[in-house]
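K.L.:
Mind looking over this structure? Questions follow.
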Amino acid sequence: MLEGKARVEDTDMPARMQAAATSAASLALDLFDEFDKRYGVGWQCVVGANFGCFFTHTSGTFIYFSLERLSFLLFRAAAAAIAAS
């Protein structure tokens, strides 16, 4: 999907952990871009065991669910829907 090397904007991670994080993100983008293809651009996904979040989403595009110990937050950003119009 995206080409090129990740550009780390800010970090306090060791270099090896940074490489693992950017590699995993790149692989995930290559494998799982179906929401953008099916429903348009602007989708955001947060995955974790313990997180908080504040966001604005387009009506009818929000889901928060758990699978085993992980929680998933998926939504389409409100600004993306306006830009796509």
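All residue names refer to the structure tokens as shown: chains lettered A, B, ... in order, residues numbered from 1 in each chain, ligands numbered from 1 in order.
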Tell me which protein, DNA and RNA residues are within 8 Å of region 70-76 of chain A, counting only C-alpha atoms, leaving out same-chain ones fewer than 4 positions away, and put them as a list in words.

P.N.:
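That gives Val41, Gly42, Trp43, Gln44, Cys45, Val46, Val47, Gly48, Ala49, Asn50, His57, Thr58, Thr61, Phe62, Ile63, Tyr64, Phe65, Ser66, Ala80 and Ala81 of chain A.
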
K.L.:
Which residues in region 2-85 of chain A does DSSP call helix (DSSP H, G or I)? List them as number ranges by chain.

P.N.:
A: 15-31, 34-39, 78-84

K.L.:
Which residue, A:Arg69, A:Leu27, A:Arg38, A:Ala77, has the smallest gap to Phe54 (chain A) when you use only C-alpha atoms?

P.N.:
A:Ala77

K.L.:
Determine which residues of region 8-73 of chain A DSSP labels as strand (DSSP E or B) from the backbone of this structure, then write them out as a list in words.

P.N.:
Trp43, Gln44, Cys45, Val46, Val47, Gly48, His57, Thr58, Ser59, Gly60, Thr61, Phe62, Ile63, Tyr64, Phe65, Ser66, Leu67, Leu70, Ser71, Phe72 and Leu73 of chain A

K.L.:
Calculate how many Å separate CA of Arg16 (chain A) from CA of Asp33 (chain A), rounding to one decimal.

P.N.:
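Answer for the CA of Arg16 (chain A) to CA of Asp33 (chain A) separation: 25.9 Å.
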